[in-house]
Amino acid sequence: MVRVVSDSLQGVLRFPVDVGAAVPIPQTAFIDSRKQYDSMTLIRHLAENYCSGHLKVLGVTNKDLCTPILTYVFGEAYMGGRSAVVSCHRLYRGPEGDPVSTDLFLNRVVKVALHEIGHTFNVPHCQTGRCVMRASNSIKELDEKLNYLCDYCELFLFEAVTEAMKRPKD
């Protein structure tokens, strides 16, 4: 799954994507009362501990993610941030809870990864049809999106990536 995500990101971003070793999730991200992990804590942790020498870092987990104001999230990123996180936890099942095919699962993970990495390059939510940068608050909305960007978002991302590649990585 990680290889499919990295290959897809590499194809869209047009630069090499490395796959790093698995890293532990900090227990400080766990919200006991919700039995979920705070996605914002995770992206801060990735940014503070794993971004050095990398343009962006994407964490992929099977843990269920949430934010203080959202019941769950498929992924999270700060606009213009250095890191993002994707949760596979809710992507294995259909709207009725039934298991989905491997192809559909992988397609969902790629969509969420592209969407969140897009945010790290300051690409905002899109209102154009089925663009991957369109917000999705349910599995149904996620499934309706395509796994690529509309022309406008692709241009926006290309310009942001070009600028980011010119800057030195710290």
# chains A, B, ... in the order shown; residues from 1 in each chain; ligands from 1
>>> select_by_dssp(residues="chain A", states="strand (DSSP E or B)", output="list in words")
Phe30, Ile31, Gln36, Tyr37, Asp38, Val57, Leu58, Gly59, Val60, Thr61, Leu65, Cys66, Val73, Gly75, Glu76, Ala77, Ser83, Ala84, Val85, Val86, Ser87, Arg93 and Pro99 of chain A
>>> write_last_selection(atoms="C-alpha atoms", output="PDB file, in the first residue's frame")
ATOM      1  CA  PHE A  30      -4.030   9.352  21.827  1.00  0.00           C
ATOM      2  CA  ILE A  31      -7.297  10.804  23.112  1.00  0.00           C
ATOM      3  CA  GLN A  36      -8.748   7.970  18.586  1.00  0.00           C
ATOM      4  CA  TYR A  37      -5.557   9.834  17.755  1.00  0.00           C
ATOM      5  CA  ASP A  38      -5.336  13.604  17.348  1.00  0.00           C
ATOM      6  CA  VAL A  57       6.784  14.010   4.996  1.00  0.00           C
ATOM      7  CA  LEU A  58       3.592  11.959   4.813  1.00  0.00           C
ATOM      8  CA  GLY A  59       2.707   9.586   7.623  1.00  0.00           C
ATOM      9  CA  VAL A  60       0.350   6.701   6.872  1.00  0.00           C
ATOM     10  CA  THR A  61      -1.353   4.866   9.724  1.00  0.00           C
ATOM     11  CA  LEU A  65      -7.775   9.978  13.495  1.00  0.00           C
ATOM     12  CA  CYS A  66      -9.818  12.938  14.670  1.00  0.00           C
ATOM     13  CA  VAL A  73     -10.665  12.624   9.484  1.00  0.00           C
ATOM     14  CA  GLY A  75      -6.145  12.725   6.729  1.00  0.00           C
ATOM     15  CA  GLU A  76      -4.801  16.045   7.907  1.00  0.00           C
ATOM     16  CA  ALA A  77      -2.267  18.654   6.829  1.00  0.00           C
ATOM     17  CA  SER A  83       4.037  17.154   7.034  1.00  0.00           C
ATOM     18  CA  ALA A  84       0.710  15.421   6.595  1.00  0.00           C
ATOM     19  CA  VAL A  85      -0.914  12.247   7.844  1.00  0.00           C
ATOM     20  CA  VAL A  86      -3.329   9.742   6.285  1.00  0.00           C
ATOM     21  CA  SER A  87      -5.458   7.228   8.148  1.00  0.00           C
ATOM     22  CA  ARG A  93     -15.024  -0.520   4.421  1.00  0.00           C
ATOM     23  CA  PRO A  99     -15.278  -4.735   3.187  1.00  0.00           C
TER      24      PRO A  99
END
>>> select_by_dssp(residues="stretch 27-162 of chain A", states="helix (DSSP H, G or I)", output="PyMOL selection string")
chain A and resi 27-29+39-50+102-120+139-144+151-162
>>> atom_distance(atom1="atom CA of A:Leu46", atom2="atom CA of A:Val2")
16.7 Å
>>> closest_residue(among="A:Val110, A:Cys150, A:Ala160, A:Ser39", to="A:Ser6", atoms="only C-alpha atoms")
A:Val110
>>> residues_around(residues="A:Val12", least_positions_apart="2", cutoff="9 Å", atoms="only C-alpha atoms", output="number ranges by chain")
A: 7-10, 14-15, 114, 148-149, 154, 158
>>> write_last_selection(atoms="C-alpha atoms", output="mmCIF file, in the first residue's frame")
data_model
loop_
_atom_site.group_PDB
_atom_site.id
_atom_site.type_symbol
_atom_site.label_atom_id
_atom_site.label_comp_id
_atom_site.auth_asym_id
_atom_site.auth_seq_id
_atom_site.Cartn_x
_atom_site.Cartn_y
_atom_site.Cartn_z
ATOM 1 C CA ASP A 7 4.406 5.806 -6.776
ATOM 2 C CA SER A 8 1.202 7.803 -7.214
ATOM 3 C CA LEU A 9 2.630 10.844 -5.442
ATOM 4 C CA GLN A 10 5.797 10.608 -7.503
ATOM 5 C CA ARG A 14 7.115 14.738 -10.739
ATOM 6 C CA PHE A 15 9.985 14.240 -8.321
ATOM 7 C CA LEU A 114 -2.761 13.418 -2.825
ATOM 8 C CA TYR A 148 -6.079 13.416 -9.781
ATOM 9 C CA LEU A 149 -6.297 17.188 -9.723
ATOM 10 C CA GLU A 154 -2.624 20.871 -11.045
ATOM 11 C CA PHE A 158 3.063 22.501 -10.200
#
>>> closest_residue(among="A:Thr41, A:Thr102, A:Ser33, A:Asn107", to="A:Thr67", atoms="only C-alpha atoms")
A:Thr41
>>> residues_around(residues="A:Leu157", least_positions_apart="6", cutoff="7 Å", atoms="only C-alpha atoms", output="PyMOL selection string")
chain A and resi 118+121+123
>>> residues_around(residues="A:Gln127", least_positions_apart="2", cutoff="12 Å", atoms="only C-alpha atoms", output="PDB file with N, CA and C atoms, in the first residue's frame")
ATOM      1  N   PRO A 124      -5.628  24.850  -1.904  1.00  0.00           N
ATOM      2  CA  PRO A 124      -6.826  24.854  -1.050  1.00  0.00           C
ATOM      3  C   PRO A 124      -7.868  23.846  -1.530  1.00  0.00           C
ATOM      4  N   HIS A 125      -8.941  23.729  -0.772  1.00  0.00           N
ATOM      5  CA  HIS A 125     -10.051  22.898  -1.233  1.00  0.00           C
ATOM      6  C   HIS A 125     -10.591  23.470  -2.529  1.00  0.00           C
ATOM      7  N   GLY A 129     -15.989  20.060  -9.748  1.00  0.00           N
ATOM      8  CA  GLY A 129     -16.404  18.683  -9.983  1.00  0.00           C
ATOM      9  C   GLY A 129     -15.848  17.645  -9.043  1.00  0.00           C
ATOM     10  N   ARG A 130     -15.039  16.755  -9.593  1.00  0.00           N
ATOM     11  CA  ARG A 130     -14.550  15.600  -8.851  1.00  0.00           C
ATOM     12  C   ARG A 130     -13.050  15.688  -8.547  1.00  0.00           C
ATOM     13  N   CYS A 131     -12.502  16.879  -8.534  1.00  0.00           N
ATOM     14  CA  CYS A 131     -11.083  17.100  -8.241  1.00  0.00           C
ATOM     15  C   CYS A 131     -10.710  16.477  -6.902  1.00  0.00           C
ATOM     16  N   VAL A 132      -9.534  15.894  -6.819  1.00  0.00           N
ATOM     17  CA  VAL A 132      -9.082  15.266  -5.583  1.00  0.00           C
ATOM     18  C   VAL A 132      -8.932  16.284  -4.444  1.00  0.00           C
ATOM     19  N   MET A 133      -8.822  17.571  -4.775  1.00  0.00           N
ATOM     20  CA  MET A 133      -8.702  18.600  -3.745  1.00  0.00           C
ATOM     21  C   MET A 133     -10.063  19.053  -3.206  1.00  0.00           C
ATOM     22  N   ARG A 134     -11.119  18.493  -3.708  1.00  0.00           N
ATOM     23  CA  ARG A 134     -12.448  18.775  -3.160  1.00  0.00           C
ATOM     24  C   ARG A 134     -12.526  18.153  -1.765  1.00  0.00           C
ATOM     25  N   ALA A 135     -13.144  18.821  -0.830  1.00  0.00           N
ATOM     26  CA  ALA A 135     -13.285  18.286   0.521  1.00  0.00           C
ATOM     27  C   ALA A 135     -14.179  17.044   0.490  1.00  0.00           C
ATOM     28  N   SER A 136     -13.871  16.088   1.341  1.00  0.00           N
ATOM     29  CA  SER A 136     -14.736  14.910   1.456  1.00  0.00           C
ATOM     30  C   SER A 136     -14.916  14.583   2.932  1.00  0.00           C
ATOM     31  N   LYS A 145     -14.844  11.339  -5.807  1.00  0.00           N
ATOM     32  CA  LYS A 145     -13.724  12.112  -6.345  1.00  0.00           C
ATOM     33  C   LYS A 145     -12.857  11.243  -7.245  1.00  0.00           C
ATOM     34  N   LEU A 149      -5.877  15.798  -9.905  1.00  0.00           N
ATOM     35  CA  LEU A 149      -6.297  17.188  -9.723  1.00  0.00           C
ATOM     36  C   LEU A 149      -6.922  17.755 -10.993  1.00  0.00           C
ATOM     37  N   CYS A 150      -7.832  18.706 -10.813  1.00  0.00           N
ATOM     38  CA  CYS A 150      -8.372  19.426 -11.966  1.00  0.00           C
ATOM     39  C   CYS A 150      -7.238  20.276 -12.556  1.00  0.00           C
ATOM     40  N   TYR A 152      -6.825  23.483 -12.878  1.00  0.00           N
ATOM     41  CA  TYR A 152      -6.444  24.630 -12.053  1.00  0.00           C
ATOM     42  C   TYR A 152      -5.572  24.180 -10.884  1.00  0.00           C
ATOM     43  N   CYS A 153      -6.009  23.165 -10.149  1.00  0.00           N
ATOM     44  CA  CYS A 153      -5.247  22.689  -8.988  1.00  0.00           C
ATOM     45  C   CYS A 153      -3.912  22.094  -9.410  1.00  0.00           C
TER      46      CYS A 153
END
>>> closest_residue(among="A:Leu91, A:Arg82, A:Val17, A:Lys140", to="A:Ser52", atoms="only C-alpha atoms")
A:Arg82
>>> atom_distance(atom1="atom CA of A:Val4", atom2="atom CA of A:Ser101")
15.0 Å
>>> atom_distance(atom1="atom CA of A:Pro168", atom2="atom CA of A:Val19")
20.4 Å
>>> decode(residues="stretch 8-151 of chain A", atoms="C-alpha atoms", output="mmCIF file, in the first residue's frame")
data_model
loop_
_atom_site.group_PDB
_atom_site.id
_atom_site.type_symbol
_atom_site.label_atom_id
_atom_site.label_comp_id
_atom_site.auth_asym_id
_atom_site.auth_seq_id
_atom_site.Cartn_x
_atom_site.Cartn_y
_atom_site.Cartn_z
ATOM 1 C CA SER A 8 1.202 7.803 -7.214
ATOM 2 C CA LEU A 9 2.630 10.844 -5.442
ATOM 3 C CA GLN A 10 5.797 10.608 -7.503
ATOM 4 C CA GLY A 11 3.737 10.567 -10.692
ATOM 5 C CA VAL A 12 1.742 13.654 -9.716
ATOM 6 C CA LEU A 13 4.546 15.633 -8.070
ATOM 7 C CA ARG A 14 7.115 14.738 -10.739
ATOM 8 C CA PHE A 15 9.985 14.240 -8.321
ATOM 9 C CA PRO A 16 11.334 11.209 -6.414
ATOM 10 C CA VAL A 17 9.413 10.045 -3.362
ATOM 11 C CA ASP A 18 11.271 8.020 -0.751
ATOM 12 C CA VAL A 19 9.661 5.496 1.567
ATOM 13 C CA GLY A 20 11.036 5.694 5.089
ATOM 14 C CA ALA A 21 11.008 3.199 7.914
ATOM 15 C CA ALA A 22 7.992 2.841 10.155
ATOM 16 C CA VAL A 23 8.060 5.127 13.190
ATOM 17 C CA PRO A 24 6.128 4.871 16.457
ATOM 18 C CA ILE A 25 3.096 7.033 17.054
ATOM 19 C CA PRO A 26 3.509 9.213 20.130
ATOM 20 C CA GLN A 27 1.152 8.215 22.925
ATOM 21 C CA THR A 28 0.535 11.930 23.555
ATOM 22 C CA ALA A 29 -1.584 11.892 20.381
ATOM 23 C CA PHE A 30 -4.030 9.352 21.827
ATOM 24 C CA ILE A 31 -7.297 10.804 23.112
ATOM 25 C CA ASP A 32 -8.480 8.226 25.612
ATOM 26 C CA SER A 33 -12.044 9.551 25.887
ATOM 27 C CA ARG A 34 -12.491 9.150 22.099
ATOM 28 C CA LYS A 35 -10.262 6.093 21.534
ATOM 29 C CA GLN A 36 -8.748 7.970 18.586
ATOM 30 C CA TYR A 37 -5.557 9.834 17.755
ATOM 31 C CA ASP A 38 -5.336 13.604 17.348
ATOM 32 C CA SER A 39 -4.235 14.158 13.759
ATOM 33 C CA MET A 40 -2.829 17.612 14.504
ATOM 34 C CA THR A 41 -0.530 16.191 17.172
ATOM 35 C CA LEU A 42 0.691 13.606 14.663
ATOM 36 C CA ILE A 43 1.501 16.113 11.919
ATOM 37 C CA ARG A 44 3.325 18.327 14.420
ATOM 38 C CA HIS A 45 5.280 15.281 15.601
ATOM 39 C CA LEU A 46 6.227 14.396 12.019
ATOM 40 C CA ALA A 47 7.252 17.985 11.276
ATOM 41 C CA GLU A 48 9.371 18.308 14.417
ATOM 42 C CA ASN A 49 11.093 14.923 14.186
ATOM 43 C CA TYR A 50 11.197 13.678 10.595
ATOM 44 C CA CYS A 51 11.185 16.582 8.133
ATOM 45 C CA SER A 52 14.864 17.484 8.321
ATOM 46 C CA GLY A 53 16.378 16.972 4.879
ATOM 47 C CA HIS A 54 13.005 16.305 3.266
ATOM 48 C CA LEU A 55 10.729 18.582 1.313
ATOM 49 C CA LYS A 56 7.581 16.998 2.796
ATOM 50 C CA VAL A 57 6.784 14.010 4.996
ATOM 51 C CA LEU A 58 3.592 11.959 4.813
ATOM 52 C CA GLY A 59 2.707 9.586 7.623
ATOM 53 C CA VAL A 60 0.350 6.701 6.872
ATOM 54 C CA THR A 61 -1.353 4.866 9.724
ATOM 55 C CA ASN A 62 -4.144 2.391 10.429
ATOM 56 C CA LYS A 63 -5.116 4.334 13.546
ATOM 57 C CA ASP A 64 -8.420 6.214 13.655
ATOM 58 C CA LEU A 65 -7.775 9.978 13.495
ATOM 59 C CA CYS A 66 -9.818 12.938 14.670
ATOM 60 C CA THR A 67 -9.471 16.612 15.461
ATOM 61 C CA PRO A 68 -10.910 18.445 18.442
ATOM 62 C CA ILE A 69 -13.861 19.569 16.312
ATOM 63 C CA LEU A 70 -14.277 16.644 13.878
ATOM 64 C CA THR A 71 -15.465 13.149 14.779
ATOM 65 C CA TYR A 72 -12.953 11.652 12.347
ATOM 66 C CA VAL A 73 -10.665 12.624 9.484
ATOM 67 C CA PHE A 74 -9.282 10.589 6.608
ATOM 68 C CA GLY A 75 -6.145 12.725 6.729
ATOM 69 C CA GLU A 76 -4.801 16.045 7.907
ATOM 70 C CA ALA A 77 -2.267 18.654 6.829
ATOM 71 C CA TYR A 78 -1.498 22.257 7.601
ATOM 72 C CA MET A 79 -1.684 24.557 4.610
ATOM 73 C CA GLY A 80 1.921 25.105 3.577
ATOM 74 C CA GLY A 81 3.145 22.744 6.278
ATOM 75 C CA ARG A 82 5.975 20.264 6.035
ATOM 76 C CA SER A 83 4.037 17.154 7.034
ATOM 77 C CA ALA A 84 0.710 15.421 6.595
ATOM 78 C CA VAL A 85 -0.914 12.247 7.844
ATOM 79 C CA VAL A 86 -3.329 9.742 6.285
ATOM 80 C CA SER A 87 -5.458 7.228 8.148
ATOM 81 C CA CYS A 88 -6.470 3.964 6.486
ATOM 82 C CA HIS A 89 -8.756 3.091 9.400
ATOM 83 C CA ARG A 90 -12.031 4.062 7.692
ATOM 84 C CA LEU A 91 -10.941 3.298 4.115
ATOM 85 C CA TYR A 92 -11.228 -0.507 4.282
ATOM 86 C CA ARG A 93 -15.024 -0.520 4.421
ATOM 87 C CA GLY A 94 -17.945 0.744 2.381
ATOM 88 C CA PRO A 95 -20.640 3.159 3.599
ATOM 89 C CA GLU A 96 -22.585 0.240 5.085
ATOM 90 C CA GLY A 97 -19.529 -1.269 6.799
ATOM 91 C CA ASP A 98 -18.899 -3.988 4.242
ATOM 92 C CA PRO A 99 -15.278 -4.735 3.187
ATOM 93 C CA VAL A 100 -14.179 -3.162 -0.096
ATOM 94 C CA SER A 101 -11.903 -4.514 -2.797
ATOM 95 C CA THR A 102 -8.164 -3.967 -2.577
ATOM 96 C CA ASP A 103 -8.351 -1.728 -5.656
ATOM 97 C CA LEU A 104 -10.991 0.523 -4.086
ATOM 98 C CA PHE A 105 -9.069 0.661 -0.807
ATOM 99 C CA LEU A 106 -5.832 1.649 -2.584
ATOM 100 C CA ASN A 107 -7.671 4.212 -4.697
ATOM 101 C CA ARG A 108 -9.051 5.803 -1.514
ATOM 102 C CA VAL A 109 -5.650 5.929 0.192
ATOM 103 C CA VAL A 110 -4.082 7.554 -2.877
ATOM 104 C CA LYS A 111 -6.851 10.171 -3.014
ATOM 105 C CA VAL A 112 -6.398 11.098 0.638
ATOM 106 C CA ALA A 113 -2.596 11.195 0.279
ATOM 107 C CA LEU A 114 -2.761 13.418 -2.825
ATOM 108 C CA HIS A 115 -5.277 15.683 -1.128
ATOM 109 C CA GLU A 116 -3.211 16.139 2.041
ATOM 110 C CA ILE A 117 0.104 16.602 0.224
ATOM 111 C CA GLY A 118 -1.676 19.166 -1.950
ATOM 112 C CA HIS A 119 -2.488 21.127 1.208
ATOM 113 C CA THR A 120 1.177 21.086 2.264
ATOM 114 C CA PHE A 121 1.864 22.901 -1.015
ATOM 115 C CA ASN A 122 -0.891 25.440 -0.183
ATOM 116 C CA VAL A 123 -3.440 24.004 -2.609
ATOM 117 C CA PRO A 124 -6.826 24.854 -1.050
ATOM 118 C CA HIS A 125 -10.051 22.898 -1.233
ATOM 119 C CA CYS A 126 -11.470 22.948 -4.747
ATOM 120 C CA GLN A 127 -15.074 23.351 -5.839
ATOM 121 C CA THR A 128 -14.485 21.877 -9.300
ATOM 122 C CA GLY A 129 -16.404 18.683 -9.983
ATOM 123 C CA ARG A 130 -14.550 15.600 -8.851
ATOM 124 C CA CYS A 131 -11.083 17.100 -8.241
ATOM 125 C CA VAL A 132 -9.082 15.266 -5.583
ATOM 126 C CA MET A 133 -8.702 18.600 -3.745
ATOM 127 C CA ARG A 134 -12.448 18.775 -3.160
ATOM 128 C CA ALA A 135 -13.285 18.286 0.521
ATOM 129 C CA SER A 136 -14.736 14.910 1.456
ATOM 130 C CA ASN A 137 -16.499 14.362 4.748
ATOM 131 C CA SER A 138 -17.743 10.854 4.066
ATOM 132 C CA ILE A 139 -16.686 7.690 2.260
ATOM 133 C CA LYS A 140 -19.352 8.400 -0.366
ATOM 134 C CA GLU A 141 -17.850 11.833 -1.082
ATOM 135 C CA LEU A 142 -14.348 10.352 -1.165
ATOM 136 C CA ASP A 143 -15.433 7.664 -3.625
ATOM 137 C CA GLU A 144 -17.021 10.257 -5.918
ATOM 138 C CA LYS A 145 -13.724 12.112 -6.345
ATOM 139 C CA LEU A 146 -11.134 11.239 -8.958
ATOM 140 C CA ASN A 147 -7.561 10.465 -7.940
ATOM 141 C CA TYR A 148 -6.079 13.416 -9.781
ATOM 142 C CA LEU A 149 -6.297 17.188 -9.723
ATOM 143 C CA CYS A 150 -8.372 19.426 -11.966
ATOM 144 C CA ASP A 151 -6.409 21.620 -14.397
#
